[in-house]
$ cat target_14.txt   # compact mmCIF, C-alpha atoms
# COMPACT_ATOMS: atom_id res chain seq x y z
CA MET K 856 2.20 -12.42 24.19
CA ILE K 857 -1.31 -11.78 25.47
CA SER K 858 -4.34 -10.47 23.66
CA LYS K 859 -7.74 -9.27 24.75
CA GLU K 860 -10.73 -7.70 23.10
CA LEU K 861 -11.43 -4.15 24.28
CA GLU K 862 -14.62 -2.25 23.54
CA VAL K 863 -14.91 1.46 22.91
CA LEU K 864 -17.42 2.77 25.46
CA ASN K 865 -17.44 6.51 24.86
CA ARG K 866 -20.06 7.87 22.48
CA ALA K 867 -17.74 9.90 20.30
CA GLY K 868 -15.43 6.98 19.51
CA ILE K 869 -11.65 7.26 19.36
CA HIS K 870 -10.90 10.78 18.16
CA ALA K 871 -7.80 12.85 18.83
CA ARG K 872 -8.04 13.14 22.61
CA PRO K 873 -8.79 9.49 23.41
CA ALA K 874 -6.10 8.50 20.92
CA SER K 875 -3.56 10.65 22.69
CA GLU K 876 -4.56 9.11 26.04
CA ILE K 877 -4.11 5.63 24.58
CA ALA K 878 -0.75 6.50 23.05
CA LYS K 879 0.39 8.12 26.28
CA THR K 880 -0.59 5.08 28.33
CA ALA K 881 0.90 2.64 25.81
CA SER K 882 4.17 4.56 25.56
CA SER K 883 4.72 4.27 29.29
CA PHE K 884 5.30 0.52 28.88
CA LYS K 885 8.24 -1.23 27.31
CA CYS K 886 6.32 -3.98 25.56
CA ASP K 887 5.05 -3.82 21.97
CA ILE K 888 1.35 -3.00 21.86
CA PHE K 889 -0.83 -3.35 18.79
CA PHE K 890 -4.52 -2.91 18.03
CA GLU K 891 -6.22 -5.02 15.44
CA LYS K 892 -9.46 -4.25 13.69
CA GLU K 893 -10.56 -6.17 10.62
CA ASN K 894 -7.40 -6.39 8.52
CA MET K 895 -5.73 -3.39 10.08
CA LYS K 896 -2.99 -3.65 12.65
CA VAL K 897 -1.61 -0.48 14.17
CA ASN K 898 0.90 0.46 16.81
CA ALA K 899 -0.85 1.66 19.98
CA LYS K 900 2.02 4.01 20.75
CA SER K 901 1.24 6.21 17.77
CA ILE K 902 -1.63 8.68 17.88
CA MET K 903 -2.20 8.77 14.13
CA GLY K 904 -2.19 5.00 13.99
CA VAL K 905 -4.84 4.69 16.65
CA ILE K 906 -7.02 7.35 14.98
CA THR K 907 -6.67 5.54 11.65
CA LEU K 908 -8.55 2.58 13.11
CA GLY K 909 -11.70 4.67 12.85
CA ALA K 910 -13.08 3.09 16.01
CA THR K 911 -16.59 4.27 16.83
CA TYR K 912 -18.90 3.63 19.77
CA LYS K 913 -19.15 -0.11 20.57
CA THR K 914 -16.31 -1.04 18.23
CA LYS K 915 -14.32 -3.99 19.50
CA LEU K 916 -10.56 -3.83 19.11
CA LEU K 917 -8.20 -6.69 19.65
CA CYS K 918 -5.35 -5.48 21.82
CA ILE K 919 -2.10 -7.44 21.62
CA CYS K 920 0.72 -6.86 24.07
CA SER K 921 4.04 -8.67 23.96
CA GLY K 922 7.07 -8.01 26.08
CA GLU K 923 8.20 -8.08 29.66
CA ASP K 924 5.51 -5.79 31.15
CA GLU K 925 2.65 -7.05 28.96
CA ASN K 926 0.30 -7.82 31.85
CA GLU K 927 0.62 -4.39 33.41
CA ALA K 928 0.16 -2.75 30.00
CA MET K 929 -2.96 -4.74 29.25
CA ALA K 930 -4.43 -3.93 32.67
CA ALA K 931 -3.72 -0.23 32.23
CA LEU K 932 -5.26 -0.14 28.73
CA GLN K 933 -8.29 -2.08 29.85
CA ALA K 934 -8.81 0.35 32.72
CA LEU K 935 -8.45 3.27 30.29
CA PHE K 936 -11.07 1.82 27.93
CA GLU K 937 -13.39 1.13 30.86
CA ARG K 938 -13.22 4.66 32.19
CA ARG K 939 -13.99 5.95 28.68
CA PHE K 940 -10.57 7.47 28.15
CA GLU K 941 -10.99 10.00 30.94
CA SER K 942 -7.80 10.61 32.81
CA MET Q 1096 -11.81 -8.40 5.24
CA LYS Q 1097 -14.69 -6.26 4.09
CA GLU Q 1098 -16.25 -7.47 0.88
CA PHE Q 1099 -15.90 -5.51 -2.31
CA THR Q 1100 -19.35 -4.89 -3.71
CA VAL Q 1101 -20.64 -3.68 -7.05
CA LEU Q 1102 -21.37 -0.35 -5.39
CA ASP Q 1103 -17.71 -0.09 -4.34
CA LEU Q 1104 -16.78 -0.66 -7.97
CA LEU Q 1105 -18.99 2.25 -9.00
CA ASP Q 1106 -17.57 4.34 -6.18
CA LEU Q 1107 -13.88 3.86 -7.04
CA ASP Q 1108 -12.39 7.30 -7.24
CA LEU Q 1109 -10.41 7.05 -10.46
CA LYS Q 1110 -9.13 9.67 -12.80
CA GLU Q 1111 -8.20 10.17 -16.42
CA HIS Q 1112 -6.77 7.02 -18.00
CA ASN Q 1113 -8.05 4.87 -15.12
CA HIS Q 1114 -11.61 6.12 -15.15
CA LEU Q 1115 -14.08 3.29 -15.77
CA GLN Q 1116 -16.97 5.69 -16.57
CA LEU Q 1117 -19.52 3.25 -15.20
CA THR Q 1118 -23.16 4.10 -14.64
CA CYS Q 1119 -25.86 1.87 -13.27
CA ILE Q 1120 -28.77 1.61 -15.70
CA ALA Q 1121 -30.88 -1.03 -13.95
CA GLY Q 1122 -31.05 -3.48 -11.06
CA ARG Q 1123 -30.06 -1.09 -8.29
CA SER Q 1124 -31.04 -3.61 -5.64
CA GLY Q 1125 -28.14 -5.75 -6.85
CA LEU Q 1126 -25.51 -3.13 -6.07
CA SER Q 1127 -24.80 -4.73 -2.71
CA ARG Q 1128 -23.66 -7.98 -4.32
CA PRO Q 1129 -20.03 -8.83 -3.58
CA ILE Q 1130 -17.43 -9.25 -6.29
CA ARG Q 1131 -15.23 -12.12 -5.15
CA ASN Q 1132 -12.60 -12.49 -7.82
CA ALA Q 1133 -10.55 -10.40 -10.19
CA LYS Q 1134 -11.76 -12.12 -13.34
CA ILE Q 1135 -13.89 -10.73 -16.14
CA ALA Q 1136 -16.05 -13.20 -18.05
CA ARG Q 1137 -17.30 -12.76 -21.61
CA PRO Q 1138 -20.53 -14.77 -21.61
CA GLY Q 1139 -20.66 -15.39 -25.37
CA LEU Q 1140 -20.57 -19.18 -25.09
CA ALA Q 1141 -23.00 -19.17 -22.18
CA LEU Q 1142 -25.51 -17.13 -24.19
CA SER Q 1143 -25.28 -19.68 -26.96
CA GLY Q 1144 -26.15 -22.38 -24.44
CA TYR Q 1145 -22.78 -23.82 -23.49
CA PHE Q 1146 -22.43 -23.40 -19.73
CA VAL Q 1147 -19.55 -25.81 -19.07
CA GLY Q 1148 -16.74 -23.95 -17.34
CA PHE Q 1149 -18.82 -20.81 -17.15
CA SER Q 1150 -17.45 -18.46 -14.48
CA GLY Q 1151 -20.72 -17.38 -12.95
CA ASP Q 1152 -19.03 -15.69 -10.00
CA SER Q 1153 -17.20 -13.09 -12.11
CA ILE Q 1154 -18.19 -9.79 -13.62
CA GLN Q 1155 -19.90 -10.38 -16.98
CA LEU Q 1156 -18.74 -8.09 -19.75
CA ILE Q 1157 -21.01 -7.90 -22.76
CA GLY Q 1158 -19.27 -6.54 -25.84
CA ARG Q 1159 -20.73 -5.69 -29.23
CA ALA Q 1160 -20.74 -9.24 -30.57
CA GLU Q 1161 -22.60 -10.57 -27.53
CA GLN Q 1162 -24.98 -7.62 -27.72
CA SER Q 1163 -26.03 -8.44 -31.25
CA PHE Q 1164 -26.37 -12.08 -30.21
CA ILE Q 1165 -28.71 -11.07 -27.38
CA ASP Q 1166 -30.73 -8.98 -29.86
CA MET Q 1167 -31.00 -11.99 -32.11
CA LEU Q 1168 -32.12 -14.25 -29.27
CA GLU Q 1169 -34.73 -11.72 -28.22
CA GLU Q 1170 -36.04 -11.36 -31.75
CA LYS Q 1171 -36.55 -15.11 -31.78
CA ASN Q 1172 -38.06 -14.93 -28.27
CA GLU Q 1173 -35.48 -17.34 -26.91
CA TYR Q 1174 -34.89 -16.22 -23.35
CA GLU Q 1175 -33.80 -19.56 -21.92
CA ASN Q 1176 -30.04 -18.94 -21.94
CA ILE Q 1177 -30.38 -15.38 -20.70
CA GLU Q 1178 -32.53 -16.58 -17.81
CA LYS Q 1179 -30.05 -19.33 -17.06
CA LEU Q 1180 -27.27 -16.73 -16.99
CA PHE Q 1181 -29.12 -14.82 -14.28
CA GLU Q 1182 -29.55 -18.00 -12.25
CA TYR Q 1183 -25.79 -18.04 -11.59
CA ASN Q 1184 -25.89 -15.15 -9.11
CA ILE Q 1185 -23.46 -13.18 -11.21
CA PRO Q 1186 -22.15 -10.03 -9.45
CA CYS Q 1187 -23.12 -7.67 -12.27
CA ILE Q 1188 -23.40 -7.27 -16.02
CA ILE Q 1189 -21.53 -4.55 -17.83
CA PHE Q 1190 -22.55 -3.37 -21.29
CA ILE Q 1191 -19.99 -1.81 -23.58
CA GLY Q 1192 -20.77 1.27 -25.66
CA ASP Q 1193 -24.14 2.95 -25.74
CA TYR Q 1194 -26.11 -0.30 -25.99
CA ARG Q 1195 -29.32 -0.34 -23.98
CA PRO Q 1196 -30.82 -3.74 -23.12
CA SER Q 1197 -34.43 -4.48 -23.96
CA GLU Q 1198 -37.24 -4.01 -21.47
CA HIS Q 1199 -37.55 -7.72 -20.94
CA PHE Q 1200 -33.83 -8.00 -20.14
CA VAL Q 1201 -34.10 -5.14 -17.63
CA GLU Q 1202 -37.15 -6.76 -16.04
CA LEU Q 1203 -35.20 -9.99 -15.62
CA ALA Q 1204 -32.32 -8.12 -14.01
CA GLU Q 1205 -34.67 -6.32 -11.61
CA LYS Q 1206 -36.36 -9.58 -10.71
CA LYS Q 1207 -33.04 -11.31 -10.00
CA ALA Q 1208 -31.61 -8.21 -8.28
CA THR Q 1209 -28.60 -8.09 -10.58
CA ALA Q 1210 -27.07 -4.72 -11.37
CA ILE Q 1211 -26.66 -3.72 -15.00
CA LEU Q 1212 -23.90 -1.22 -15.61
CA SER Q 1213 -22.89 0.56 -18.76
CA THR Q 1214 -19.69 2.18 -19.93
CA PRO Q 1215 -19.07 4.21 -23.09
CA LEU Q 1216 -15.55 2.77 -23.40
CA GLU Q 1217 -14.52 0.09 -25.90
CA SER Q 1218 -14.21 -3.42 -24.49
CA SER Q 1219 -10.43 -3.79 -24.89
CA ASP Q 1220 -9.79 -0.46 -23.23
CA PHE Q 1221 -12.37 -1.10 -20.54
CA SER Q 1222 -11.06 -4.60 -19.74
CA ARG Q 1223 -7.55 -3.27 -19.35
CA ARG Q 1224 -8.70 -0.57 -16.94
CA LEU Q 1225 -10.95 -2.90 -15.00
CA TYR Q 1226 -8.29 -5.62 -14.73
CA SER Q 1227 -5.75 -3.20 -13.33
CA GLN Q 1228 -8.27 -1.92 -10.78
CA LEU Q 1229 -9.41 -5.38 -9.75
CA ASP Q 1230 -5.76 -6.41 -9.41
CA GLU Q 1231 -5.33 -3.64 -6.91
CA VAL Q 1232 -8.57 -4.35 -5.06
CA PHE Q 1233 -7.77 -8.03 -4.61
CA ALA Q 1234 -4.06 -7.52 -3.95
CA PRO Q 1235 -2.71 -8.92 -0.66
CA THR Q 1236 -2.49 -6.05 1.82
CA MET Q 1237 -0.74 -5.33 5.06
CA THR Q 1238 -0.39 -2.28 7.24
CA ILE Q 1239 2.86 -1.43 8.88
CA HIS Q 1240 4.10 1.17 11.28
CA GLY Q 1241 6.34 3.53 9.36
CA VAL Q 1242 6.55 6.54 7.10
CA LEU Q 1243 6.48 6.50 3.32
CA VAL Q 1244 8.16 9.36 1.47
CA GLU Q 1245 9.15 9.88 -2.12
CA VAL Q 1246 12.75 11.00 -2.42
CA TYR Q 1247 14.05 11.86 -5.90
CA GLY Q 1248 11.34 9.66 -7.37
CA ILE Q 1249 12.17 6.65 -5.19
CA GLY Q 1250 9.55 5.46 -2.70
CA VAL Q 1251 11.35 5.17 0.63
CA LEU Q 1252 9.71 3.35 3.50
CA ILE Q 1253 11.14 4.47 6.83
CA THR Q 1254 10.60 2.11 9.75
CA GLY Q 1255 11.96 1.93 13.27
CA ASP Q 1256 10.87 1.86 16.89
CA SER Q 1257 8.55 4.55 18.19
CA GLY Q 1258 10.40 7.67 19.17
CA VAL Q 1259 13.48 6.99 17.04
CA GLY Q 1260 12.66 9.99 14.84
CA LYS Q 1261 10.85 8.67 11.76
CA SER Q 1262 8.40 11.55 11.55
CA GLU Q 1263 11.06 14.19 12.20
CA THR Q 1264 13.20 12.66 9.46
CA ALA Q 1265 10.24 12.73 7.08
CA LEU Q 1266 9.51 16.33 8.01
CA GLU Q 1267 13.07 17.35 7.20
CA LEU Q 1268 12.82 15.50 3.86
CA ILE Q 1269 9.61 17.36 3.02
CA GLU Q 1270 11.29 20.61 3.97
CA ARG Q 1271 13.98 19.71 1.45
CA GLY Q 1272 11.40 19.36 -1.30
CA HIS Q 1273 10.46 15.68 -1.16
CA ARG Q 1274 6.96 14.29 -0.82
CA LEU Q 1275 5.02 12.55 1.91
CA ILE Q 1276 2.72 9.67 1.07
CA SER Q 1277 1.76 8.58 4.55
CA ASP Q 1278 2.96 9.03 8.10
CA ASP Q 1279 2.66 6.43 10.79
CA THR Q 1280 0.54 3.76 9.16
CA VAL Q 1281 1.40 2.67 5.67
CA LYS Q 1282 -0.81 0.29 3.74
CA LEU Q 1283 1.23 -1.94 1.47
CA LYS Q 1284 -0.24 -3.78 -1.47
CA SER Q 1285 1.50 -6.40 -3.52
CA ILE Q 1286 0.47 -5.79 -7.10
CA SER Q 1287 0.52 -8.89 -9.30
CA ASP Q 1288 3.10 -10.35 -6.88
CA SER Q 1289 5.76 -8.23 -8.50
CA PHE Q 1290 5.92 -4.85 -6.84
CA LEU Q 1291 4.77 -3.09 -3.71
CA VAL Q 1292 2.62 -0.01 -3.63
CA GLY Q 1293 2.24 1.97 -0.44
CA SER Q 1294 -0.46 4.45 0.49
CA GLY Q 1295 -2.14 5.89 3.54
CA GLU Q 1296 -4.66 3.71 5.36
CA ASN Q 1297 -7.25 6.42 5.18
CA PRO Q 1298 -7.03 9.24 2.62
CA MET Q 1299 -8.55 11.64 5.12
CA LEU Q 1300 -5.77 11.16 7.66
CA ALA Q 1301 -2.80 10.29 5.48
CA HIS Q 1302 -1.22 13.70 5.11
CA HIS Q 1303 -1.27 14.56 8.75
CA MET Q 1304 1.59 14.01 11.08
CA GLU Q 1305 1.99 13.76 14.78
CA ILE Q 1306 5.19 15.33 15.99
CA ARG Q 1307 6.02 15.13 19.66
CA GLY Q 1308 5.82 18.62 21.08
CA LEU Q 1309 3.89 20.07 18.14
CA GLY Q 1310 0.84 17.83 18.12
CA ILE Q 1311 -1.02 16.97 14.93
CA ILE Q 1312 -0.11 19.04 11.88
CA ASN Q 1313 -1.58 19.15 8.40
CA LEU Q 1314 1.18 18.80 5.83
CA THR Q 1315 -0.91 19.88 2.85
CA ASN Q 1316 -1.76 23.20 4.45
CA LEU Q 1317 1.74 23.80 5.77
CA PHE Q 1318 3.82 22.80 2.74
CA GLY Q 1319 1.38 22.90 -0.15
CA VAL Q 1320 0.07 20.33 -2.50
CA GLY Q 1321 3.54 19.76 -3.98
CA ALA Q 1322 4.64 18.10 -0.76
CA ILE Q 1323 2.20 15.21 -0.88
CA ARG Q 1324 1.40 12.18 -2.97
CA GLU Q 1325 -1.35 9.60 -2.78
CA LYS Q 1326 0.54 6.41 -3.46
CA LYS Q 1327 3.95 5.29 -4.54
CA GLN Q 1328 5.83 2.13 -5.28
CA VAL Q 1329 8.10 1.15 -2.39
CA GLU Q 1330 11.62 0.74 -3.73
CA LEU Q 1331 13.79 1.18 -0.67
CA SER Q 1332 13.33 0.29 2.96
CA VAL Q 1333 15.20 2.29 5.58
CA PHE Q 1334 15.36 1.05 9.13
CA LEU Q 1335 16.30 3.61 11.76
CA GLU Q 1336 17.67 2.30 15.02
CA ALA Q 1337 19.25 3.78 18.07
CA TRP Q 1338 23.04 3.78 17.74
CA ASP Q 1339 24.53 0.69 19.33
CA SER Q 1340 28.29 1.01 19.55
CA SER Q 1341 28.75 -2.72 20.02
CA LYS Q 1342 27.01 -3.52 16.74
CA GLN Q 1343 28.79 -3.75 13.40
CA TYR Q 1344 27.06 -1.76 10.68
CA ASP Q 1345 27.32 -2.22 6.95
CA ARG Q 1346 30.42 -0.31 5.88
CA ILE Q 1347 30.60 -1.20 2.21
CA GLY Q 1348 26.98 -1.10 1.19
CA ASP Q 1349 26.03 -4.47 -0.18
CA ALA Q 1350 22.58 -5.73 -0.38
CA LEU Q 1351 20.47 -6.20 2.70
CA THR Q 1352 16.86 -6.82 1.81
CA ASP Q 1353 13.51 -6.64 3.51
CA THR Q 1354 10.56 -8.76 2.50
CA PHE Q 1355 6.97 -7.55 2.57
CA LEU Q 1356 4.15 -9.77 1.30
CA GLY Q 1357 6.75 -11.95 -0.37
CA ILE Q 1358 8.37 -9.13 -2.32
CA SER Q 1359 11.90 -8.19 -1.44
CA VAL Q 1360 13.02 -4.58 -1.30
CA PRO Q 1361 16.58 -3.29 -0.83
CA LYS Q 1362 17.12 -2.29 2.76
CA ILE Q 1363 19.53 -0.07 4.62
CA VAL Q 1364 19.95 0.21 8.37
CA ILE Q 1365 20.83 3.67 9.61
CA PRO Q 1366 22.04 4.00 13.17
CA VAL Q 1367 20.70 7.23 14.65
CA ARG Q 1368 22.48 9.37 17.18
CA PRO Q 1369 22.51 13.08 17.88
CA GLY Q 1370 24.44 14.97 15.25
CA ARG Q 1371 23.90 12.49 12.43
CA ASN Q 1372 21.95 14.03 9.60
CA VAL Q 1373 19.61 11.19 8.73
CA PRO Q 1374 17.66 12.99 5.94
CA ILE Q 1375 20.86 13.56 3.98
CA LEU Q 1376 21.77 9.91 4.40
CA ILE Q 1377 18.35 8.92 3.07
CA GLU Q 1378 18.65 11.32 0.14
CA THR Q 1379 22.01 9.83 -0.73
CA ALA Q 1380 20.64 6.31 -0.42
CA ALA Q 1381 17.82 7.23 -2.79
CA ARG Q 1382 20.26 8.68 -5.32
CA ASN Q 1383 22.35 5.55 -5.02
CA GLU Q 1384 19.25 3.43 -5.59
CA ARG Q 1385 18.52 5.35 -8.79
CA LEU Q 1386 22.07 4.79 -9.93
CA LYS Q 1387 21.62 1.07 -9.30
CA LYS Q 1388 18.49 1.08 -11.41
CA LEU Q 1389 20.57 2.58 -14.21
CA GLY Q 1390 23.08 -0.21 -13.77
CA TYR Q 1391 25.76 1.54 -11.74
CA TYR Q 1392 26.63 -0.09 -8.45
CA SER Q 1393 28.82 2.30 -6.51
CA SER Q 1394 30.25 -0.24 -4.11
CA LYS Q 1395 30.75 -3.00 -6.69
CA GLU Q 1396 32.35 -0.63 -9.18
CA PHE Q 1397 34.60 0.79 -6.52
CA ASP Q 1398 35.70 -2.69 -5.64
CA GLN Q 1399 36.35 -3.56 -9.26
CA ASN Q 1400 38.41 -0.42 -9.72
CA VAL Q 1401 40.45 -1.31 -6.66
CA LEU Q 1402 41.03 -4.80 -8.06
CA LYS Q 1403 42.06 -3.40 -11.44
CA TRP Q 1404 44.43 -0.99 -9.84
CA LEU Q 1405 46.00 -3.69 -7.69
CA GLU Q 1406 46.44 -5.84 -10.76
CA SER Q 1407 48.10 -3.14 -12.81
CA GLU Q 1408 50.28 -2.32 -9.85
CA ALA Q 1409 51.38 -5.94 -9.70
CA ALA Q 1410 52.02 -5.94 -13.47
CA ARG Q 1411 54.14 -2.79 -13.22
CA ARG Q 1412 56.25 -4.33 -10.54
CA MET Q 1413 57.26 -7.03 -12.98
CA TYR Q 1414 58.78 -4.43 -15.33
CA PHE Q 1415 60.23 -1.93 -12.89
CA SER Q 1416 62.81 -2.73 -10.34
CA SER Q 1417 62.11 -1.41 -6.86
CA ASP Q 1418 64.66 1.39 -7.39
CA ASP Q 1419 62.81 2.72 -10.47
CA ILE Q 1420 59.59 2.96 -8.55
CA GLY Q 1421 61.27 4.91 -5.79
CA GLU Q 1422 62.70 7.52 -8.22
CA GLY Q 1423 60.27 7.96 -11.06
CA GLU Q 1424 57.02 8.95 -9.31
CA SER Q 1425 55.84 10.76 -12.46
CA GLY Q 1426 56.00 7.54 -14.44
CA PHE Q 1427 53.18 6.27 -12.28
CA ASP Q 1428 50.60 8.78 -13.30
CA GLN Q 1429 47.98 7.38 -15.57
$ encode --input "target_14.txt" --output "structure tokens"
Amino acid sequence: MISKELEVLNRAGIHARPASEIAKTASSFKCDIFFEKENMKVNAKSIMGVITLGATYKTKLLCICSGEDENEAMAALQALFERRFES
Amino acid sequence: MKEFTVLDLLDLDLKEHNHLQLTCIAGRSGLSRPIRNAKIARPGLALSGYFVGFSGDSIQLIGRAEQSFIDMLEEKNEYENIEKLFEYNIPCIIFIGDYRPSEHFVELAEKKATAILSTPLESSDFSRRLYSQLDEVFAPTMTIHGVLVEVYGIGVLITGDSGVGKSETALELIERGHRLISDDTVKLKSISDSFLVGSGENPMLAHHMEIRGLGIINLTNLFGVGAIREKKQVELSVFLEAWDSSKQYDRIGDALTDTFLGISVPKIVIPVRPGRNVPILIETAARNERLKKLGYYSSKEFDQNVLKWLESEAARRMYFSSDDIGEGESGFDQ
């Protein structure tokens, strides 16, 4: 299991489109991926879950990946956050 | 966890028999003070000068008896105990009925930045309402990935891996007249360590659903207000998993349980494969759960009936010879 803090860098925060990008990216990996914010823990593979986090600009989310391809998943998610969810 | 402040207490969106009817009458600057425990203190003894064991970190509720005591103190110009009360950094003071504190009291509250609230309710009624709200606010909470639906009055929590068909199952249940509480993220609260209540994480997003191929849909608009619910006790946990032919599933139906926040809930595991009508299985499970609550256990009773039958069969054999049984089939009918 690995975890890393990821920061939301786009101004609008995580709304529907970024959430769908995150879910799409997360779903392409086998491992379990979760985001944690305060006392909330949601599955990164679900769009509604990710939106529920209510992550705004500069929010830091703890991303937790566990499973066989956890390193690849973390790298892909980090890249996605860094390019502000643009595909 | 975010702290629960006095302002949050005022902001609680409650209705009818839960409504606290609180208004802030002074000390607005104290609204940001956190409330850290679910206790309500009656500061009668403290006002009379006895501060041993005084819970200065709880909400202070001032009923009619304390109010007249305060009036008496003020008449005698004895403000010492009242001032000492404010020294404790109490979260807020709540006055019962239409009592309005004196100017001096209000000044003290403003100076110490302590909010003074008032409610027209009677203290017993108010305490009951406030306790039940505080219980909920301070209840242990967890969020899980799943769907919560109400089926025949039973709160059914559907969990399973992503893509196994939780949302589709819930959609079919709603179509059949049941209600959705939350899709995807369910917030569970353990109320007084005895039962679980589930709701959506965020009331704004709770009654939306993401269905692969359709996108995000609004259930309230599509199915009407009868298809949704805000919160519901979780009484059954259903785990959906991809059919695994090598695995042995429960064939008789005896109790598996799931534990959330230390509370155990009956659980069933439903293997999913094309052609299996999962919503009907869940409906049946919910009916069965209601029967159990009424004291009827289908599988246990069935087993008992089988045992009884086997026994009577054995007893009959003692009276009939094997030939009689072969001929007189009608004699067997009960």
$ atom_distance --input "target_14.txt" --atom1 "CA of Leu1105 (chain Q)" --atom2 "CA of Arg1128 (chain Q)"
12.2 Å
$ atom_distance --input "target_14.txt" --atom1 "CA of Leu916 (chain K)" --atom2 "CA of Glu876 (chain K)"
15.9 Å
$ atom_distance --input "target_14.txt" --atom1 "CA of Leu1405 (chain Q)" --atom2 "CA of Ser1393 (chain Q)"
18.2 Å
$ interface_residues --input "target_14.txt" --of "chain Q" --to "chain K" --cutoff "8 Å" --atoms "only C-alpha atoms" --output "VMD selection string"
chain Q and resid 1096 to 1097 1237 to 1240 1257 1278 to 1280 1296 to 1297 1300 1303 to 1305
$ residues_around --input "target_14.txt" --residues "Lys885 (chain K)" --least-positions-apart "6" --cutoff "9 Å" --atoms "only C-alpha atoms" --output "list in words"
Gly922, Glu923, Asp924, Glu925 and Ala928 of chain K
$ residues_around --input "target_14.txt" --residues "region 1365-1375 of chain Q" --least-positions-apart "6" --cutoff "6 Å" --atoms "all atoms listed in the file" --output "list in words"
Thr1264, Leu1268, Leu1335, Glu1336, Ala1337 and Trp1338 of chain Q
$ residues_near_point --input "target_14.txt" --point "(-25.9, -23.5, -24.9)" --cutoff "12 Å" --atoms "all atoms listed in the file" --output "count of residues only"
21
$ closest_residue --input "target_14.txt" --among "Q:Ile1211, Q:Ile1358, Q:Ile1188, Q:Ile1311" --to "Ser1287 (chain Q)" --atoms "only C-alpha atoms"
Q:Ile1358
$ closest_residue --input "target_14.txt" --among "Q:Phe1334, Q:Tyr1414, Q:Tyr1247, Q:Trp1404" --to "Leu1386 (chain Q)" --atoms "all atoms listed in the file"
Q:Tyr1247
$ closest_residue --input "target_14.txt" --among "Q:Val1251, Q:Gly1293, Q:Ala1409, Q:Asp1398" --to "Arg1385 (chain Q)" --atoms "all atoms listed in the file"
Q:Val1251
$ closest_residue --input "target_14.txt" --among "Q:Phe1181, Q:Tyr1226, Q:Tyr1392, Q:Phe1355" --to "Leu1104 (chain Q)" --atoms "all atoms listed in the file"
Q:Tyr1226
$ residues_around --input "target_14.txt" --residues "region 856-862 of chain K" --least-positions-apart "2" --cutoff "12 Å" --atoms "only C-alpha atoms" --output "ChimeraX atom specification"
/K:864-866,868-869,886-892,910-940
$ axis_aligned_box --input "target_14.txt" --around "region 1331-1340 of chain Q" --padding-each-side "6 Å" --output "JSON"
{"center_x": 20.8, "center_y": 2.0, "center_z": 9.4, "size_x": 27.0, "size_y": 15.5, "size_z": 32.2}
$ residues_near_point --input "target_14.txt" --point "(26.3, -7.8, 3.2)" --cutoff "12 Å" --atoms "only C-alpha atoms" --output "JSON, numbers by chain"
{"Q": [1343, 1344, 1345, 1346, 1347, 1348, 1349, 1350, 1351, 1352, 1361, 1362, 1363, 1364, 1394, 1395]}
$ closest_residue --input "target_14.txt" --among "Q:Leu1216, Q:Leu1275, Q:Leu1203, Q:Cys1119" --to "Arg1159 (chain Q)" --atoms "only C-alpha atoms"
Q:Leu1216
$ decode --input "target_14.txt" --residues "region 1115-1125 of chain Q" --atoms "N, CA and C atoms" --output "compact mmCIF listing (two decimals), in the first residue's frame"
# COMPACT_ATOMS: atom_id res chain seq x y z
N LEU Q 1115 -35.39 22.63 17.46
CA LEU Q 1115 -34.93 23.17 18.75
C LEU Q 1115 -35.42 24.60 18.97
N GLN Q 1116 -35.85 25.27 17.91
CA GLN Q 1116 -36.38 26.64 17.98
C GLN Q 1116 -35.45 27.60 18.73
N LEU Q 1117 -34.17 27.50 18.42
CA LEU Q 1117 -33.19 28.35 19.09
C LEU Q 1117 -33.02 29.68 18.37
N THR Q 1118 -32.87 30.74 19.15
CA THR Q 1118 -32.47 32.01 18.57
C THR Q 1118 -31.34 32.56 19.44
N CYS Q 1119 -30.47 33.33 18.80
CA CYS Q 1119 -29.37 33.91 19.55
C CYS Q 1119 -29.81 35.29 20.02
N ILE Q 1120 -29.77 35.55 21.34
CA ILE Q 1120 -30.23 36.85 21.80
C ILE Q 1120 -29.08 37.76 22.22
N ALA Q 1121 -27.89 37.20 22.41
CA ALA Q 1121 -26.74 38.04 22.73
C ALA Q 1121 -25.45 37.25 22.54
N GLY Q 1122 -24.35 37.96 22.53
CA GLY Q 1122 -23.03 37.32 22.47
C GLY Q 1122 -22.72 36.66 21.15
N ARG Q 1123 -23.07 37.35 20.06
CA ARG Q 1123 -22.85 36.76 18.73
C ARG Q 1123 -21.41 36.37 18.46
N SER Q 1124 -20.48 37.12 19.07
CA SER Q 1124 -19.07 36.82 18.80
C SER Q 1124 -18.68 35.44 19.36
N GLY Q 1125 -19.54 34.89 20.21
CA GLY Q 1125 -19.23 33.57 20.78
C GLY Q 1125 -19.78 32.41 19.98
